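What follows is a set of notes on a single structure, which appears directly below.
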Amino acid sequence: MSLDTAESSRSLTAPAQPRPRLAARPRLDLYEGPDEFLLIADVPGVNVSTLDLQLERGVLKLRGEIQGTCEDRAVSVEQRATEWSRAVTVPDGVDAEGLRAELGDGVLTVHLKKSDQARPRRVPIAVR
Amino acid sequence: MLTTLQLLDRTLSSLDTFDRLTRGVGAERVSGGAAPVNIFEGERAVIVQLAAPGVKKEELEINVEDDVLTVSGARAAKLPEGYTALHRERRAGRFSRSFALSRELDAGAAEARLEDGVLTLTLPRRVVSRRSIPVQAA
């Protein structure tokens with residue numbers, strides 16, 4: 001299943017800044033419940049003040065600056081990124097108004113509420 | 001400064017070795033890649049940052065034994081109740097990273113802080129006190 005849109009690679013070619021920016025794609029899970037979809041992304045080093053979340057035309061864009069990169073000299077770097085960035089196509093039938101997100105311990109959880117039409121509905125069957 | 005660099009070089013090669021060693025021991029699955037580490041060198045301390053998103057303080061273990069610092073922990077692969085998984089990329093399970101400590105660092109005075117899913121270990125350098133001994137003429 002391909003979640004990503006072409007948008008996600010754009011930030012990698014962004015013009016150079018004083019502190020070189022390097023975006024990495026956070027790992028994410030997508031779950032479906034009866035009333036909502038849950039998108040859970042690992043964004044270690046990001047706090048609420050540097051996290052940006054946007055839903056536009058069925059594409060959810062998340063971007064968060066990674067805090068806490070030391071000014072001291074780096075001797076070994078396995079995590080080079082300075083920001084997390086990803087654009088994800090949200091499933092059909094999501095109510096854009098009902099978007100809710102939480103951030104804790106470097107994990108972002110986005111609740112994507114299903115629109116009324118998309119929710120499963122029990123069909124009453126009349127006995128004749 | 002040169003000494004520290006050499007020592008840290010040793011740290012890096014040991015880091016690989018230790019990761020490999022741990023993988024072969026027991027049934028425990030250890031994936032070093034699940035917890036990427038950055039190491040920074042400052043004037044007064046060496047700082048180790050380990051990404052551990054979703055890991056609680058209680059789920060982390062930090063040990064120093066025979067000049068080897070080991071950080072280990074686990075992340076549960078729990079599915080939110082009543083939900084079905086459509087797509088999964090996030091890693092779960094145990095992770096463990098080990099580092100050879102240079103004698104120059106004071107592991108006893110180390111500090112650990114867990115914030116926004118990042119563990120920051122500050123390993124201060126030992127304060128070397130120098131004393132000159134006057135030579136007395138006979």
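Naming works like this for the structure tokens: A, B, ... for the chains as they're shown, residue 1 at the start of each chain, ligands 1 onward in shown order.
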
**OP:** Mind checking which residues fall within 9 Å of segment 97-110 of chain A, counting only C-alpha atoms, ignoring those fewer than 3 positions away in the same chain, and posting them as a ChimeraX atom specification?
**Re:** /A:37-48,53,55,94,113-115 /B:51-56,114-118

Can I get the selection written as a compact mmCIF listing (two decimals), in the first residue's frame, with C-alpha atoms?
```txt
# COMPACT_ATOMS: atom_id res chain seq x y z
CA PHE A 37 -8.36 6.23 11.39
CA LEU A 38 -5.28 6.52 13.59
CA LEU A 39 -2.00 7.67 12.14
CA ILE A 40 0.95 7.17 14.48
CA ALA A 41 4.38 8.55 13.57
CA ASP A 42 7.74 8.38 15.36
CA VAL A 43 9.15 11.88 15.55
CA PRO A 44 11.84 11.79 18.26
CA GLY A 45 13.29 15.17 19.13
CA VAL A 46 10.21 17.12 18.07
CA ASN A 47 8.14 19.16 20.49
CA VAL A 48 4.77 20.87 20.04
CA LEU A 53 0.42 19.58 10.70
CA LEU A 55 -4.54 18.67 5.87
CA VAL A 94 -12.15 11.48 6.43
CA LYS A 113 -12.46 11.05 12.13
CA LYS A 114 -14.55 9.28 9.54
CA SER A 115 -17.25 11.31 7.90
CA ALA B 51 16.33 8.14 19.76
CA ALA B 52 13.74 6.09 21.62
CA PRO B 53 10.30 7.35 20.57
CA GLY B 54 7.43 6.03 22.64
CA VAL B 55 9.72 4.52 25.26
CA LYS B 56 8.93 5.40 28.87
CA LEU B 114 14.56 11.56 28.51
CA GLU B 115 12.69 14.23 26.57
CA ASP B 116 10.51 14.12 23.45
CA GLY B 117 11.54 10.53 22.80
CA VAL B 118 15.26 11.27 22.93
```

**OP:** Find the residues in chain A near chain B: any atom within 6 Å counts, using only C-alpha atoms. Write them as a list in words.
**Re:** Arg27, Leu28, Asp29, Leu30, Tyr31, Glu32, Gly33, Asp42, Pro44, Gly45, Asp72, Arg73, Ala74, Val75, Ser76, Val77, Glu78, Gln79, Asp105, Gly106 and Val107 of chain A

Any chance you can output those residues with C-alpha atoms as a PDB file, in the first residue's frame?
```
ATOM      1  CA  ARG A  27       8.201   5.778  10.304  1.00  0.00           C
ATOM      2  CA  LEU A  28       4.446   5.555  10.652  1.00  0.00           C
ATOM      3  CA  ASP A  29       1.577   3.190  11.284  1.00  0.00           C
ATOM      4  CA  LEU A  30      -2.002   3.522  10.089  1.00  0.00           C
ATOM      5  CA  TYR A  31      -4.886   1.860  11.898  1.00  0.00           C
ATOM      6  CA  GLU A  32      -8.590   1.768  11.201  1.00  0.00           C
ATOM      7  CA  GLY A  33     -11.288   1.766  13.862  1.00  0.00           C
ATOM      8  CA  ASP A  42       7.745   8.377  15.355  1.00  0.00           C
ATOM      9  CA  PRO A  44      11.838  11.787  18.256  1.00  0.00           C
ATOM     10  CA  GLY A  45      13.288  15.170  19.134  1.00  0.00           C
ATOM     11  CA  ASP A  72      29.312  20.611  20.268  1.00  0.00           C
ATOM     12  CA  ARG A  73      31.339  18.743  17.702  1.00  0.00           C
ATOM     13  CA  ALA A  74      29.670  15.633  16.387  1.00  0.00           C
ATOM     14  CA  VAL A  75      31.901  12.579  16.463  1.00  0.00           C
ATOM     15  CA  SER A  76      29.418   9.956  15.372  1.00  0.00           C
ATOM     16  CA  VAL A  77      26.121  10.627  13.665  1.00  0.00           C
ATOM     17  CA  GLU A  78      23.612   7.936  12.801  1.00  0.00           C
ATOM     18  CA  GLN A  79      20.639  10.273  12.833  1.00  0.00           C
ATOM     19  CA  ASP A 105       7.441  10.986  24.053  1.00  0.00           C
ATOM     20  CA  GLY A 106       8.395  11.704  20.452  1.00  0.00           C
ATOM     21  CA  VAL A 107       5.315   9.981  19.049  1.00  0.00           C
TER      22      VAL A 107
END
```

Original post:
Quick one: distance from atom CA of Glu83 of chain A to atom CA of Thr50 of chain A in Å, one decimal?
Top reply: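 A separation of 9.5 Å between them.
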
**OP:** Could you please determine the separation between atom CA of Arg25 of chain A and atom CA of Ala87 of chain A in Å, to one decimal place?
**Re:** 9.0 Å

Original post:
Between atom CA of Lys78 of chain B and atom CA of Glu65 of chain A, what is the spacing in Å?
Top reply: 27.1 Å

**OP:** List the neighbours of segment 123-125 of chain B out to 6 Å using only C-alpha atoms; skip same-chain residues closer than 4 positions along the sequence, and give me the result as a PyMOL selection string.
**Re:** chain B and resi 44-46+104-106+110

**OP:** Run DSSP on the backbone of this structure and report the residues of chain A it assigns to strand (DSSP E), as a PyMOL selection string.
**Re:** chain A and resi 23-24+28-32+36-42+51-56+59-65+73-77+83-89+94-104+107-114

Using C-alpha atoms, can you write the selected residues to a file as a compact mmCIF listing (two decimals), in the first residue's frame?
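Output saved as out_37.txt:
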```
# COMPACT_ATOMS: atom_id res chain seq x y z
CA ALA A 23 14.57 16.07 6.23
CA ALA A 24 13.92 12.45 7.01
CA LEU A 28 4.45 5.56 10.65
CA ASP A 29 1.58 3.19 11.28
CA LEU A 30 -2.00 3.52 10.09
CA TYR A 31 -4.89 1.86 11.90
CA GLU A 32 -8.59 1.77 11.20
CA GLU A 36 -11.73 6.95 12.93
CA PHE A 37 -8.36 6.23 11.39
CA LEU A 38 -5.28 6.52 13.59
CA LEU A 39 -2.00 7.67 12.14
CA ILE A 40 0.95 7.17 14.48
CA ALA A 41 4.38 8.55 13.57
CA ASP A 42 7.74 8.38 15.36
CA LEU A 51 5.53 20.67 14.82
CA ASP A 52 3.34 21.65 11.91
CA LEU A 53 0.42 19.58 10.70
CA GLN A 54 -1.76 20.41 7.70
CA LEU A 55 -4.54 18.67 5.87
CA GLU A 56 -5.20 19.92 2.37
CA VAL A 59 -3.08 15.10 1.85
CA LEU A 60 -1.84 15.30 5.42
CA LYS A 61 1.51 17.06 5.68
CA LEU A 62 3.57 16.81 8.81
CA ARG A 63 6.78 18.63 9.48
CA GLY A 64 8.69 18.94 12.70
CA GLU A 65 12.06 20.36 13.53
CA ARG A 73 31.34 18.74 17.70
CA ALA A 74 29.67 15.63 16.39
CA VAL A 75 31.90 12.58 16.46
CA SER A 76 29.42 9.96 15.37
CA VAL A 77 26.12 10.63 13.66
CA GLU A 83 13.64 17.68 10.64
CA TRP A 84 10.95 15.09 10.09
CA SER A 85 8.82 15.61 7.03
CA ARG A 86 6.22 13.50 5.31
CA ALA A 87 3.10 13.90 3.23
CA VAL A 88 0.52 11.19 3.44
CA THR A 89 -2.65 10.62 1.42
CA VAL A 94 -12.15 11.48 6.43
CA ASP A 95 -13.86 14.47 7.97
CA ALA A 96 -11.35 17.33 7.66
CA GLU A 97 -13.06 19.20 10.51
CA GLY A 98 -12.65 16.33 12.92
CA LEU A 99 -8.85 16.22 12.89
CA ARG A 100 -7.18 15.88 16.28
CA ALA A 101 -3.54 15.24 17.15
CA GLU A 102 -1.45 14.47 20.22
CA LEU A 103 2.31 14.51 20.71
CA GLY A 104 4.07 12.70 23.53
CA VAL A 107 5.32 9.98 19.05
CA LEU A 108 2.66 11.83 17.07
CA THR A 109 -0.87 10.41 17.04
CA VAL A 110 -3.36 11.85 14.57
CA HIS A 111 -7.03 11.00 14.90
CA LEU A 112 -8.74 11.15 11.51
CA LYS A 113 -12.46 11.05 12.13
CA LYS A 114 -14.55 9.28 9.54
```

**OP:** Would you list, as a list of chain:residue names, the residues of segment 14-137 of chain B that end up in alpha helix (DSSP H) under DSSP run on this structure's backbone?
**Re:** B:Ser14, B:Leu15, B:Asp16, B:Thr17, B:Phe18, B:Asp19, B:Arg20, B:Leu21, B:Thr22, B:Arg23, B:Gly24

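If you measure from each of B:Leu121, B:Ala109, B:Ala92, B:Arg130 to Ala77 of chain B using only C-alpha atoms, the closest one turns out to be B:Ala92.
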
Subject >> Of the listed residues A:Asp4, A:Pro120, A:Thr82, A:Ile66, that which approaches Pro20 of chain A most closely, counting only C-alpha atoms >> reply: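 Ranking A:Asp4, A:Pro120, A:Thr82, A:Ile66 by distance to Pro20 of chain A, first place goes to A:Thr82.
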